[in-house]
>>> print(open('my_file29.cif').read())   # mmCIF, C-alpha atoms
data_protein
loop_
_atom_site.label_atom_id
_atom_site.label_comp_id
_atom_site.auth_asym_id
_atom_site.auth_seq_id
_atom_site.Cartn_x
_atom_site.Cartn_y
_atom_site.Cartn_z
CA MET Q 1 20.99 -0.99 7.18
CA LYS Q 2 18.95 1.21 9.45
CA VAL Q 3 16.47 3.74 8.13
CA LYS Q 4 17.87 7.16 8.89
CA ILE Q 5 16.76 10.74 8.76
CA LEU Q 6 19.70 12.68 7.41
CA LEU Q 7 20.22 16.35 6.71
CA LEU Q 8 20.41 17.36 3.08
CA GLY Q 9 23.93 18.75 3.37
CA ILE Q 10 25.34 15.33 4.28
CA PHE Q 11 24.50 13.95 0.86
CA ILE Q 12 27.12 15.97 -1.04
CA ALA Q 13 29.65 13.15 -0.62
CA TYR Q 14 27.21 10.38 -1.47
CA ALA Q 15 27.00 8.44 -4.70
CA CYS Q 16 24.95 10.33 -7.26
CA ALA Q 17 23.11 9.67 -10.48
CA TYR Q 18 23.07 11.87 -13.57
CA LEU Q 19 19.52 11.91 -14.87
CA VAL Q 20 17.65 13.23 -17.89
CA ALA Q 21 14.02 14.29 -17.50
CA GLN Q 22 11.35 14.71 -20.12
CA LYS Q 23 8.25 16.86 -20.27
CA ASN Q 24 5.30 17.03 -22.63
CA ILE Q 25 3.74 13.82 -23.90
CA THR Q 26 2.63 12.74 -27.34
CA VAL Q 27 -0.35 10.43 -26.90
CA ASP Q 28 -2.28 8.25 -29.33
CA MET Q 29 -5.21 6.74 -27.47
CA ASN Q 30 -6.27 4.86 -30.60
CA ALA Q 31 -2.93 3.07 -30.83
CA CYS Q 32 -2.62 2.91 -27.01
CA THR Q 33 0.80 4.59 -27.08
CA CYS Q 34 2.41 7.66 -25.56
CA GLN Q 35 5.87 9.18 -25.74
CA LYS Q 36 7.61 11.84 -23.66
CA ASN Q 37 9.43 14.62 -25.48
CA GLU Q 38 11.79 17.52 -24.88
CA PRO Q 39 14.50 16.29 -22.49
CA ILE Q 40 15.74 18.59 -19.76
CA LYS Q 41 18.76 17.95 -17.55
CA TYR Q 42 19.04 17.66 -13.80
CA ASN Q 43 22.09 18.21 -11.69
CA TYR Q 44 23.65 15.26 -9.90
CA LEU Q 45 21.22 13.57 -7.52
CA PRO Q 46 21.88 11.42 -4.42
CA ARG Q 47 20.91 7.75 -4.39
CA PHE Q 48 17.73 6.79 -2.58
CA ASN Q 49 19.37 3.76 -0.93
CA ARG Q 50 21.26 6.19 1.29
CA LEU Q 51 17.96 6.93 3.04
CA THR Q 52 16.51 3.45 3.33
CA ASP Q 53 17.40 -0.06 2.20
CA TYR Q 54 15.59 -2.35 -0.20
CA LYS Q 55 14.33 -4.69 2.51
CA MET Q 56 12.57 -1.92 4.41
CA PHE Q 57 11.23 -0.30 1.22
CA SER Q 58 9.75 -3.63 0.08
CA LYS Q 59 8.10 -4.17 3.42
CA LEU Q 60 6.45 -0.75 3.34
CA ILE Q 61 5.37 -0.98 -0.30
CA ASP Q 62 4.10 -4.60 -0.11
CA TRP Q 63 3.86 -4.65 -3.92
CA LYS Q 64 6.93 -6.18 -5.56
CA LEU Q 65 9.29 -3.91 -7.46
CA ALA Q 66 10.11 -5.45 -10.84
CA GLY Q 67 13.84 -5.97 -11.02
CA GLY Q 68 14.06 -6.09 -7.24
CA GLU Q 69 17.07 -4.62 -5.50
CA GLU Q 70 18.85 -3.81 -8.75
CA THR Q 71 16.02 -1.48 -9.80
CA PHE Q 72 15.80 -0.04 -6.28
CA ASN Q 73 19.50 0.80 -6.22
CA GLY Q 74 18.98 2.86 -9.37
CA PHE Q 75 16.54 5.21 -7.64
CA ALA Q 76 17.69 8.72 -6.79
CA TYR Q 77 15.86 11.58 -5.10
CA LYS Q 78 15.59 15.35 -4.86
CA ASN Q 79 13.65 18.02 -2.93
CA LEU Q 80 14.20 16.37 0.45
CA GLN Q 81 12.31 17.96 3.33
CA THR Q 82 12.28 16.60 6.88
CA LEU Q 83 9.71 17.32 9.56
CA ASN Q 84 9.76 15.55 12.90
CA SER Q 85 9.15 11.88 12.09
CA SER Q 86 8.48 12.23 8.35
CA TRP Q 87 10.40 13.13 5.27
CA ASN Q 88 9.10 14.25 1.91
CA LEU Q 89 11.02 13.92 -1.31
CA THR Q 90 10.73 13.35 -5.02
CA LEU Q 91 11.76 9.83 -5.94
CA VAL Q 92 13.43 9.58 -9.35
CA SER Q 93 14.14 6.60 -11.58
CA PHE Q 94 15.74 6.51 -15.00
CA LYS Q 95 14.87 2.90 -15.72
CA SER Q 96 11.95 2.14 -18.02
CA PRO Q 97 9.71 0.37 -17.48
CA THR Q 98 9.54 0.85 -13.73
CA MET Q 99 6.87 -1.55 -12.52
CA PHE Q 100 5.23 -2.65 -9.30
CA ILE Q 101 3.67 -6.12 -9.17
CA HIS Q 102 0.63 -6.94 -7.04
CA PRO Q 103 1.47 -9.19 -4.03
CA GLU Q 104 -0.69 -11.96 -5.54
CA ASP Q 105 0.67 -11.37 -9.06
CA SER Q 106 -2.81 -10.40 -10.22
CA ILE Q 107 -1.73 -7.24 -12.07
CA SER Q 108 1.31 -5.00 -12.60
CA ILE Q 109 1.52 -1.21 -12.74
CA ASN Q 110 4.02 0.47 -15.03
CA ILE Q 111 4.80 3.97 -13.76
CA THR Q 112 6.69 4.82 -16.96
CA PRO Q 113 4.45 3.87 -19.91
CA CYS Q 114 5.39 7.01 -21.83
CA SER Q 115 9.12 6.88 -21.10
CA LYS Q 116 11.79 5.21 -23.17
CA ASN Q 117 14.88 4.77 -21.02
CA VAL Q 118 14.31 8.07 -19.25
CA GLU Q 119 13.37 8.82 -15.69
CA PHE Q 120 10.06 9.44 -14.01
CA GLU Q 121 9.29 11.27 -10.78
CA ILE Q 122 6.96 10.35 -7.96
CA GLY Q 123 6.41 12.16 -4.72
CA SER Q 124 7.15 10.20 -1.57
CA VAL Q 125 6.67 10.61 2.14
CA ILE Q 126 7.90 8.08 4.70
CA SER Q 127 6.51 8.40 8.21
CA ARG Q 128 7.98 6.93 11.41
CA PRO Q 129 5.87 8.41 14.25
CA ILE Q 130 7.86 7.18 17.26
CA SER Q 131 11.02 8.73 15.77
CA LYS Q 132 9.55 12.12 16.60
CA TYR Q 133 10.13 11.29 20.26
CA ILE Q 134 12.99 8.80 19.99
CA PRO Q 135 15.13 9.89 17.00
CA ASN Q 136 17.48 6.90 17.26
CA PHE Q 137 14.67 4.32 17.52
CA ASP Q 138 15.80 1.02 15.99
CA TRP Q 139 13.43 0.36 13.08
CA GLU Q 140 15.53 -2.46 11.72
CA ASN Q 141 14.82 -4.82 14.62
CA GLU Q 142 11.10 -4.96 15.24
CA ILE Q 143 9.89 -5.11 18.81
CA GLU Q 144 7.61 -7.93 19.85
CA PRO Q 145 4.07 -6.46 20.03
CA THR Q 146 3.36 -6.96 23.72
CA ALA Q 147 1.83 -4.56 26.21
CA LYS Q 148 5.00 -4.63 28.30
CA ASN Q 149 7.26 -3.66 25.39
CA TYR Q 150 4.98 -0.83 24.26
CA VAL Q 151 4.51 0.56 27.77
CA ASN Q 152 8.25 0.37 28.40
CA ILE Q 153 8.93 2.62 25.41
CA LEU Q 154 5.97 4.93 25.96
CA LEU Q 155 7.08 5.66 29.52
CA LYS Q 156 10.32 7.04 28.08
CA ILE Q 157 8.34 9.81 26.42
CA THR Q 158 5.38 10.19 28.83
CA LYS Q 159 5.45 11.38 32.44
CA PRO Q 160 3.95 8.93 34.97
CA LYS Q 161 1.82 11.75 36.39
CA SER Q 162 0.17 12.23 33.00
CA VAL Q 163 -0.62 8.53 32.82
CA LEU Q 164 -2.05 8.55 36.36
CA PHE Q 165 -4.21 11.54 35.49
CA SER Q 166 -5.64 9.69 32.47
CA ILE Q 167 -6.31 6.62 34.59
CA PHE Q 168 -8.30 8.60 37.16
CA MET Q 169 -10.11 10.49 34.42
CA TYR Q 170 -11.18 7.50 32.36
CA SER Q 171 -11.04 4.42 34.62
CA SER Q 172 -13.46 3.19 37.25
CA THR Q 173 -11.12 3.34 40.24
CA GLY Q 174 -13.85 3.26 42.87
CA GLY Q 175 -12.49 6.39 44.54
CA ILE Q 176 -8.97 7.31 45.62
CA GLU Q 177 -9.06 5.57 49.00
CA SER Q 178 -10.38 2.36 47.44
CA PHE Q 179 -7.72 2.63 44.79
CA ILE Q 180 -4.92 2.95 47.38
CA ASP Q 181 -6.34 0.01 49.35
CA THR Q 182 -6.25 -2.11 46.19
CA ILE Q 183 -2.58 -1.25 45.66
CA ASN Q 184 -1.70 -2.14 49.25
CA GLN Q 185 -3.40 -5.49 48.99
CA LYS Q 186 -1.95 -6.31 45.58
CA TYR Q 187 1.66 -5.42 46.44
CA ASN Q 188 1.55 -6.05 50.21
CA THR Q 189 2.48 -2.41 50.82
CA ASN Q 190 1.38 0.15 53.39
CA ILE Q 191 0.93 3.27 51.28
CA LYS Q 192 -0.83 6.06 53.18
CA LEU Q 193 -1.73 9.50 51.89
CA GLU Q 194 -2.57 12.50 53.99
CA TYR Q 195 -6.21 13.63 54.07
CA LYS Q 196 -5.23 16.96 52.50
CA GLU Q 197 -3.70 15.17 49.55
CA LEU Q 198 -6.83 13.12 49.02
CA GLU Q 199 -9.06 16.18 49.25
CA THR Q 200 -7.10 18.42 46.88
CA GLY Q 201 -6.32 15.67 44.40
CA GLN Q 202 -2.58 16.39 44.62
CA PHE Q 203 -1.78 12.76 45.32
CA PHE Q 204 0.22 11.84 42.18
CA ASP Q 205 3.65 12.75 43.58
CA PRO Q 206 3.10 11.15 47.02
CA LEU Q 207 1.76 8.02 45.34
CA LEU Q 208 4.80 7.74 43.08
CA VAL Q 209 7.12 8.29 46.04
CA ALA Q 210 5.25 5.63 48.05
CA LEU Q 211 5.54 3.14 45.16
CA ASP Q 212 9.25 3.82 44.91
CA LYS Q 213 9.80 3.38 48.67
CA ASN Q 214 8.01 0.06 48.51
CA ASN Q 215 10.10 -1.07 45.51
CA VAL Q 216 7.11 -1.18 43.17
CA PRO Q 217 8.27 -0.11 39.66
CA PHE Q 218 5.75 2.21 38.07
CA GLU Q 219 5.79 0.17 34.85
CA ASP Q 220 4.87 -3.02 36.72
CA PHE Q 221 2.27 -1.17 38.75
CA LEU Q 222 0.67 0.22 35.58
CA LEU Q 223 0.68 -3.07 33.69
CA ASN Q 224 -0.43 -5.36 36.49
CA THR Q 225 -3.04 -3.05 37.95
CA PHE Q 226 -4.66 -1.49 34.89
CA ILE Q 227 -3.58 -2.99 31.57
CA LEU Q 228 -2.71 -6.69 31.42
CA THR Q 229 -5.54 -9.15 30.97
CA ASP Q 230 -3.39 -12.19 31.80
CA THR Q 231 -0.15 -12.80 33.69
CA ILE Q 232 0.99 -15.36 31.11
CA PRO Q 233 3.20 -13.75 28.39
CA HIS Q 234 1.12 -12.99 25.30
CA ILE Q 235 0.79 -10.71 22.27
CA LEU Q 236 -1.03 -7.42 22.76
CA ASN Q 237 -4.80 -7.95 22.62
CA ILE Q 238 -7.63 -5.53 21.83
CA ILE Q 239 -8.49 -4.77 25.47
CA GLU Q 240 -4.88 -3.98 26.38
CA GLU Q 241 -4.42 -1.91 23.24
CA SER Q 242 -7.49 0.22 23.98
CA LYS Q 243 -6.27 0.88 27.54
CA ILE Q 244 -2.79 1.87 26.40
CA ASN Q 245 -4.25 4.19 23.79
CA LEU Q 246 -6.50 5.77 26.43
CA PHE Q 247 -3.90 6.15 29.19
CA PHE Q 248 -1.13 7.43 26.91
CA ASN Q 249 -3.40 9.42 24.60
CA THR Q 250 -2.00 7.76 21.50
CA ASN Q 251 -2.58 5.09 18.87
CA VAL Q 252 0.02 2.52 19.76
CA ARG Q 253 -0.25 0.58 16.50
CA ASN Q 254 0.31 3.65 14.36
CA LEU Q 255 3.02 4.99 16.61
CA PHE Q 256 5.19 1.95 16.01
CA THR Q 257 4.28 1.43 12.37
CA GLN Q 258 6.28 2.83 9.49
CA SER Q 259 4.36 3.89 6.43
CA ILE Q 260 5.09 5.20 2.99
CA GLY Q 261 3.02 7.22 0.57
CA LEU Q 262 3.82 7.40 -3.13
CA TRP Q 263 2.04 9.52 -5.67
CA SER Q 264 2.55 10.56 -9.26
CA ASN Q 265 1.70 13.72 -11.11
CA SER Q 266 1.94 11.88 -14.41
CA GLU Q 267 -1.20 11.71 -16.50
CA PHE Q 268 -0.57 8.12 -17.55
CA ILE Q 269 0.30 4.74 -16.10
CA GLY Q 270 0.27 1.32 -17.70
CA LEU Q 271 -1.53 -1.79 -16.43
CA ILE Q 272 0.34 -4.91 -17.51
CA ILE Q 273 -1.55 -8.15 -18.11
CA ASP Q 274 0.57 -11.28 -18.41
CA ALA Q 275 0.87 -12.91 -21.84
CA ASN Q 276 -0.64 -16.12 -20.49
CA MET Q 277 -3.88 -14.18 -20.15
CA LEU Q 278 -3.70 -11.44 -22.78
CA ARG Q 279 -1.25 -11.28 -25.67
CA LYS Q 280 -0.93 -8.47 -28.21
CA TRP Q 281 -2.74 -9.13 -31.48
CA ASP Q 282 -1.34 -8.56 -34.97
CA ASP Q 283 -4.17 -7.43 -37.23
CA ILE Q 284 -2.08 -7.86 -40.37
CA GLU Q 285 -0.96 -11.42 -39.64
CA ASN Q 286 -4.23 -12.17 -37.86
CA LYS Q 287 -2.48 -13.80 -34.94
CA ALA Q 288 -0.86 -12.97 -31.60
CA LEU Q 289 2.44 -11.08 -31.79
CA THR Q 290 5.66 -12.88 -30.92
CA ASP Q 291 9.25 -11.75 -30.54
CA SER Q 292 12.28 -13.17 -32.36
CA LEU Q 293 12.36 -16.10 -29.93
CA GLY Q 294 8.69 -16.91 -30.46
CA ASN Q 295 7.58 -15.55 -27.07
CA TYR Q 296 4.20 -13.84 -26.83
CA SER Q 297 4.05 -10.17 -25.79
CA SER Q 298 2.09 -9.20 -22.70
CA THR Q 299 -0.58 -6.54 -23.06
CA GLU Q 300 -0.08 -3.06 -21.63
CA ILE Q 301 -3.25 -1.08 -21.08
CA LEU Q 302 -2.62 2.66 -21.31
CA VAL Q 303 -4.47 4.42 -18.49
CA ASN Q 304 -5.16 8.15 -18.38
CA ILE Q 305 -5.47 9.06 -14.69
CA SER Q 306 -6.43 12.01 -12.54
CA LYS Q 307 -4.94 10.53 -9.38
CA PHE Q 308 -2.46 7.82 -8.43
CA ARG Q 309 -1.49 7.30 -4.81
CA PHE Q 310 -0.18 4.36 -2.81
CA GLU Q 311 -0.19 4.22 0.98
CA THR Q 312 0.98 1.50 3.33
CA GLN Q 313 -2.04 -0.37 4.79
CA LYS Q 314 -4.44 1.45 2.42
CA GLY Q 315 -3.08 0.19 -0.88
CA ILE Q 316 -3.62 1.97 -4.20
CA ASN Q 317 -6.01 4.83 -4.83
CA LEU Q 318 -6.33 5.14 -8.60
CA GLN Q 319 -8.79 7.47 -10.28
CA ILE Q 320 -9.14 6.65 -13.97
CA LYS Q 321 -10.28 9.05 -16.66
CA ASN Q 322 -10.12 6.67 -19.60
CA ILE Q 323 -8.09 3.74 -20.93
CA CYS Q 324 -6.89 2.20 -24.15
CA LEU Q 325 -6.79 -1.61 -24.24
CA PRO Q 326 -5.10 -2.63 -27.53
CA LYS Q 327 -6.36 -5.60 -29.49
CA SER Q 328 -5.28 -8.66 -27.52
CA GLU Q 329 -5.95 -12.37 -27.69
CA ILE Q 330 -7.39 -14.09 -24.61
CA GLY Q 331 -4.88 -16.85 -23.92
CA GLY Q 332 -4.49 -18.96 -27.05
CA THR Q 333 -8.19 -19.01 -27.79
CA GLY Q 334 -8.37 -16.87 -30.92
CA ILE Q 335 -10.83 -14.60 -29.09
CA VAL Q 336 -9.76 -10.95 -29.38
CA ILE Q 337 -10.67 -8.12 -27.03
CA ASP Q 338 -10.13 -4.35 -27.20
CA TYR Q 339 -11.53 -1.16 -25.71
CA SER Q 340 -10.97 2.58 -25.67
CA GLY Q 341 -13.04 4.83 -23.46
CA GLU Q 342 -14.21 5.82 -19.98
CA ASN Q 343 -16.34 4.17 -17.27
CA VAL Q 344 -13.48 2.05 -15.91
CA GLU Q 345 -12.15 1.32 -12.40
CA LEU Q 346 -9.44 -0.67 -10.66
CA LEU Q 347 -11.27 -2.87 -8.16
CA ASN Q 348 -9.49 -3.86 -4.93
CA SER Q 349 -6.18 -2.79 -6.49
CA SER Q 350 -6.15 -6.08 -8.35
CA ARG Q 351 -8.77 -6.21 -11.12
CA LEU Q 352 -9.61 -3.83 -13.94
CA VAL Q 353 -13.34 -3.45 -14.54
CA ILE Q 354 -14.69 -2.06 -17.83
CA HIS Q 355 -18.38 -1.43 -17.39
CA SER Q 356 -19.58 -1.25 -21.00
CA GLY Q 357 -18.68 -1.11 -24.67
CA VAL Q 358 -15.94 -3.76 -24.80
CA ASN Q 359 -15.27 -5.14 -28.27
CA ILE Q 360 -14.92 -8.91 -28.53
CA SER Q 361 -14.28 -10.65 -31.82
CA ILE Q 362 -13.50 -14.09 -33.19
CA PRO Q 363 -11.64 -13.30 -36.44
CA LYS Q 364 -11.68 -16.93 -37.57
CA GLU Q 365 -15.48 -17.02 -37.37
CA LYS Q 366 -16.00 -13.38 -38.44
CA ILE Q 367 -17.96 -12.70 -35.25
CA ASN Q 368 -18.01 -9.25 -33.62
CA ILE Q 369 -19.92 -8.73 -30.39
CA GLN Q 370 -20.09 -6.32 -27.43
CA ALA Q 371 -19.50 -7.04 -23.74
CA GLU Q 372 -20.08 -5.24 -20.45
CA ASN Q 373 -18.86 -5.59 -16.85
CA VAL Q 374 -15.62 -7.11 -18.13
CA ASN Q 375 -13.15 -7.91 -15.33
CA ILE Q 376 -9.49 -8.45 -16.21
CA ASN Q 377 -6.33 -9.44 -14.38
CA ASN Q 378 -3.56 -12.03 -14.73
CA LYS Q 379 -5.71 -14.87 -13.43
CA VAL Q 380 -9.19 -14.38 -14.85
CA ILE Q 381 -11.27 -12.58 -17.45
CA PHE Q 382 -15.04 -12.58 -17.17
CA GLY Q 383 -17.97 -10.46 -18.26
CA ASP Q 384 -21.33 -10.39 -20.02
CA ILE Q 385 -21.78 -10.52 -23.79
CA MET Q 386 -24.68 -8.72 -25.43
CA PHE Q 387 -25.93 -10.37 -28.62
CA SER Q 388 -27.40 -7.97 -31.16
CA GLU Q 389 -27.81 -10.76 -33.72
CA LYS Q 390 -29.40 -14.08 -32.75
CA LYS Q 391 -27.45 -15.91 -35.43
CA ASN Q 392 -24.19 -15.42 -33.51
CA ILE Q 393 -25.42 -16.95 -30.25
CA ASN Q 394 -24.99 -20.68 -30.95
CA LYS Q 395 -21.78 -20.21 -32.90
CA THR Q 396 -20.27 -18.10 -30.10
CA ILE Q 397 -21.31 -20.53 -27.37
CA HIS Q 398 -19.83 -23.45 -29.28
CA TYR Q 399 -16.55 -21.64 -29.94
CA PHE Q 400 -16.15 -20.35 -26.36
CA GLU Q 401 -16.79 -23.78 -24.85
CA GLU Q 402 -14.47 -25.44 -27.36
CA LYS Q 403 -11.66 -23.08 -26.23
CA GLY Q 404 -12.22 -23.80 -22.54
CA LEU Q 405 -14.30 -20.79 -21.52
CA LYS Q 406 -17.20 -21.26 -19.15
CA VAL Q 407 -20.49 -19.79 -20.37
CA ARG Q 408 -23.96 -19.43 -18.93
CA PHE Q 409 -27.00 -17.36 -19.84
CA LYS Q 410 -28.58 -14.88 -17.49
CA LYS Q 411 -32.29 -14.16 -17.32
CA LYS Q 412 -32.25 -12.45 -20.67
CA ILE Q 413 -31.58 -14.86 -23.52
CA ASP Q 414 -29.46 -12.21 -25.29
CA LYS Q 415 -26.98 -11.84 -22.42
CA MET Q 416 -24.33 -14.53 -21.87
CA HIS Q 417 -21.83 -14.59 -19.01
CA PHE Q 418 -18.36 -15.87 -19.92
CA GLU Q 419 -15.28 -16.69 -17.89
CA TYR Q 420 -11.72 -17.63 -18.78
CA ARG Q 421 -9.51 -18.62 -15.87
CA LEU Q 422 -5.91 -19.78 -15.70
#
>>> encode(input="my_file29.cif", output="structure tokens")
Amino acid sequence: MKVKILLLGIFIAYACAYLVAQKNITVDMNACTCQKNEPIKYNYLPRFNRLTDYKMFSKLIDWKLAGGEETFNGFAYKNLQTLNSSWNLTLVSFKSPTMFIHPEDSISINITPCSKNVEFEIGSVISRPISKYIPNFDWENEIEPTAKNYVNILLKITKPKSVLFSIFMYSSTGGIESFIDTINQKYNTNIKLEYKELETGQFFDPLLVALDKNNVPFEDFLLNTFILTDTIPHILNIIEESKINLFFNTNVRNLFTQSIGLWSNSEFIGLIIDANMLRKWDDIENKALTDSLGNYSSTEILVNISKFRFETQKGINLQIKNICLPKSEIGGTGIVIDYSGENVELLNSSRLVIHSGVNISIPKEKINIQAENVNINNKVIFGDIMFSEKKNINKTIHYFEEKGLKVRFKKKIDKMHFEYRL
């Protein structure tokens, strides 16, 4: 299915979704929970898959949508605005949780941590630059990234005279007469321009006419004379790309690259850590929580944010105010971790870093200690433990090593680095 820009009026006949929205949030940062309240109703909304298909959406997002195409087909949208090659809209989902999974499965982001089977809204803009000039450009079938293919398309939207002007402005042609001599030798032609044309600089039209009379296609002339670095077929290289950008006054990579931006005005998201790494802890039973089938529950870290934005090629920009990490067991080790506070960041879109004040305990041994620079994702947890009491050092080392954690001391004897990796 091709990606299309469609006018809003067309969507009246399309399949629609009846959605219920919620505003106002009840938050308990001690219990790491939040709940939306006060439902309000929307009118019928068109389905998002009428604008783009799942395959294209997945390619632009890169992160995996939990539930795949089934979840995608449940998306609707509103507030559609189109401008040249971009369209802005509000993407709506009424499935909770709605999660995106890191390409390397290192962490998952829940966009709906405060929603219980109600929708969320995120702003979205999808940009297709070349569509501004070629509205029916086929985005479904990618073009091979060669200089010839790019130049072929660019010449459909750029006048040859403009390209020639850029060449003479920015290239070392050795003078007009030398330039014409080079063409004659290269193509075995006999192009001659009048002296007046050479003097006034009005030689673009006569040159194009001369090329046409000598059966030299302008595209071939441009590629073979100024752009290509090799006559053997090859993928666009850096030198060719820089020349095309210069002669056509564009950025050829961006021009033929679709992108999507997603952002949320919600104050909260959830970061999901797999149960193999962190599993919710039951303080009453003094063990990890399990469901009726005996499966461990993954940990969801409630994150209060000031900004959440995703952009193709740039990844996630997440600005965190504070978080609440509920008591959770590291693997099956009996080591429990929790935290509530600020001074936290998402590093490289794939690893949560808590810089100080992390609580670590070993209930079985009645040990309670503090850690800093704690890094967490689905594949590894590591950080530095600060010992306030010397008596806990040997006992902690012994227990950590017994449970398969790697430990080593830094320069200070009261600071121990630990690491647990799956």
>>> residues_near_point(input="my_file29.cif", point="(-14.6, -3.6, -18.3)", cutoff="12 Å", atoms="only C-alpha atoms", output="ChimeraX atom specification")
/Q:301,322-325,337-347,351-360,370-377,381-385
>>> atom_distance(input="my_file29.cif", atom1="CA of Met56 (chain Q)", atom2="CA of Pro103 (chain Q)")
15.7 Å
>>> atom_distance(input="my_file29.cif", atom1="CA of Lys321 (chain Q)", atom2="CA of Thr26 (chain Q)")
17.2 Å
>>> closest_residue(input="my_file29.cif", among="Q:Gly67, Q:Gly270, Q:Gly261, Q:Pro206", to="Asn110 (chain Q)", atoms="all atoms listed in the file")
Q:Gly270
>>> resolve_selection(input="my_file29.cif", expression="the PyMOL selection byres ((chain Q and resi 310) around 8)", output="list of chain:residue names")
Q:Ile260, Q:Gly261, Q:Leu262, Q:Trp263, Q:Phe308, Q:Arg309, Q:Glu311, Q:Thr312, Q:Lys314, Q:Gly315, Q:Ile316, Q:Asn317
>>> atom_distance(input="my_file29.cif", atom1="CA of Thr299 (chain Q)", atom2="CA of Lys366 (chain Q)")
22.8 Å
>>> resolve_selection(input="my_file29.cif", expression="the PyMOL selection byres ((chain Q and resi 409) around 12)", output="short mmCIF file (atom, residue, chain, number, x, y, z; two decimals) with C-alpha atoms, keeping the file's coordinate frame")
data_model
loop_
_atom_site.label_atom_id
_atom_site.label_comp_id
_atom_site.auth_asym_id
_atom_site.auth_seq_id
_atom_site.Cartn_x
_atom_site.Cartn_y
_atom_site.Cartn_z
CA GLY Q 383 -17.97 -10.46 -18.26
CA ASP Q 384 -21.33 -10.39 -20.02
CA ILE Q 385 -21.78 -10.52 -23.79
CA MET Q 386 -24.68 -8.72 -25.43
CA PHE Q 387 -25.93 -10.37 -28.62
CA ILE Q 393 -25.42 -16.95 -30.25
CA ASN Q 394 -24.99 -20.68 -30.95
CA ILE Q 397 -21.31 -20.53 -27.37
CA LYS Q 406 -17.20 -21.26 -19.15
CA VAL Q 407 -20.49 -19.79 -20.37
CA ARG Q 408 -23.96 -19.43 -18.93
CA LYS Q 410 -28.58 -14.88 -17.49
CA LYS Q 411 -32.29 -14.16 -17.32
CA LYS Q 412 -32.25 -12.45 -20.67
CA ILE Q 413 -31.58 -14.86 -23.52
CA ASP Q 414 -29.46 -12.21 -25.29
CA LYS Q 415 -26.98 -11.84 -22.42
CA MET Q 416 -24.33 -14.53 -21.87
CA HIS Q 417 -21.83 -14.59 -19.01
CA PHE Q 418 -18.36 -15.87 -19.92
CA GLU Q 419 -15.28 -16.69 -17.89
#
>>> closest_residue(input="my_file29.cif", among="Q:Ser388, Q:Ala210, Q:Thr146, Q:Asn184", to="Asp230 (chain Q)", atoms="only C-alpha atoms")
Q:Thr146
>>> residues_around(input="my_file29.cif", residues="Leu223 (chain Q)", least_positions_apart="5", cutoff="8 Å", atoms="all atoms listed in the file", output="ChimeraX atom specification")
/Q:147-148,151,228
>>> closest_residue(input="my_file29.cif", among="Q:Val303, Q:Ile61, Q:Val380, Q:Leu246", to="Met169 (chain Q)", atoms="all atoms listed in the file")
Q:Leu246
>>> residues_around(input="my_file29.cif", residues="Met277 (chain Q)", least_positions_apart="3", cutoff="6 Å", atoms="all atoms listed in the file", output="number ranges by chain")
Q: 274, 330-331, 378
>>> residues_around(input="my_file29.cif", residues="Thr225 (chain Q)", least_positions_apart="5", cutoff="9 Å", atoms="only C-alpha atoms", output="PyMOL selection string")
chain Q and resi 182-183+186+220
>>> residues_near_point(input="my_file29.cif", point="(-4.6, 10.3, -11.0)", cutoff="7 Å", atoms="only C-alpha atoms", output="PyMOL selection string")
chain Q and resi 267+305-308+318-320
>>> resolve_selection(input="my_file29.cif", expression="the PyMOL selection byres ((chain Q and resi 30) around 9)", output="short mmCIF file (atom, residue, chain, number, x, y, z; two decimals) with C-alpha atoms, in the coordinates of the input")
data_model
loop_
_atom_site.label_atom_id
_atom_site.label_comp_id
_atom_site.auth_asym_id
_atom_site.auth_seq_id
_atom_site.Cartn_x
_atom_site.Cartn_y
_atom_site.Cartn_z
CA VAL Q 27 -0.35 10.43 -26.90
CA ASP Q 28 -2.28 8.25 -29.33
CA MET Q 29 -5.21 6.74 -27.47
CA ALA Q 31 -2.93 3.07 -30.83
CA CYS Q 32 -2.62 2.91 -27.01
CA THR Q 33 0.80 4.59 -27.08
CA CYS Q 324 -6.89 2.20 -24.15
CA PRO Q 326 -5.10 -2.63 -27.53
CA SER Q 340 -10.97 2.58 -25.67
#
>>> closest_residue(input="my_file29.cif", among="Q:Ser115, Q:Lys78, Q:Ile180, Q:Phe218", to="Lys159 (chain Q)", atoms="all atoms listed in the file")
Q:Phe218
>>> closest_residue(input="my_file29.cif", among="Q:Asn348, Q:Thr52, Q:Ser93, Q:Thr112", to="Leu302 (chain Q)", atoms="all atoms listed in the file")
Q:Thr112
>>> closest_residue(input="my_file29.cif", among="Q:Asn286, Q:Asn295, Q:Asn224, Q:Asn249", to="Val336 (chain Q)", atoms="all atoms listed in the file")
Q:Asn286
>>> residues_around(input="my_file29.cif", residues="Pro113 (chain Q)", least_positions_apart="6", cutoff="9 Å", atoms="only C-alpha atoms", output="short mmCIF file (atom, residue, chain, number, x, y, z; two decimals) with C-alpha atoms, in the coordinates of the input")
data_model
loop_
_atom_site.label_atom_id
_atom_site.label_comp_id
_atom_site.auth_asym_id
_atom_site.auth_seq_id
_atom_site.Cartn_x
_atom_site.Cartn_y
_atom_site.Cartn_z
CA THR Q 33 0.80 4.59 -27.08
CA CYS Q 34 2.41 7.66 -25.56
CA GLN Q 35 5.87 9.18 -25.74
CA SER Q 96 11.95 2.14 -18.02
CA PRO Q 97 9.71 0.37 -17.48
CA THR Q 98 9.54 0.85 -13.73
CA PHE Q 268 -0.57 8.12 -17.55
CA ILE Q 269 0.30 4.74 -16.10
CA GLY Q 270 0.27 1.32 -17.70
CA LEU Q 271 -1.53 -1.79 -16.43
CA GLU Q 300 -0.08 -3.06 -21.63
CA LEU Q 302 -2.62 2.66 -21.31
#
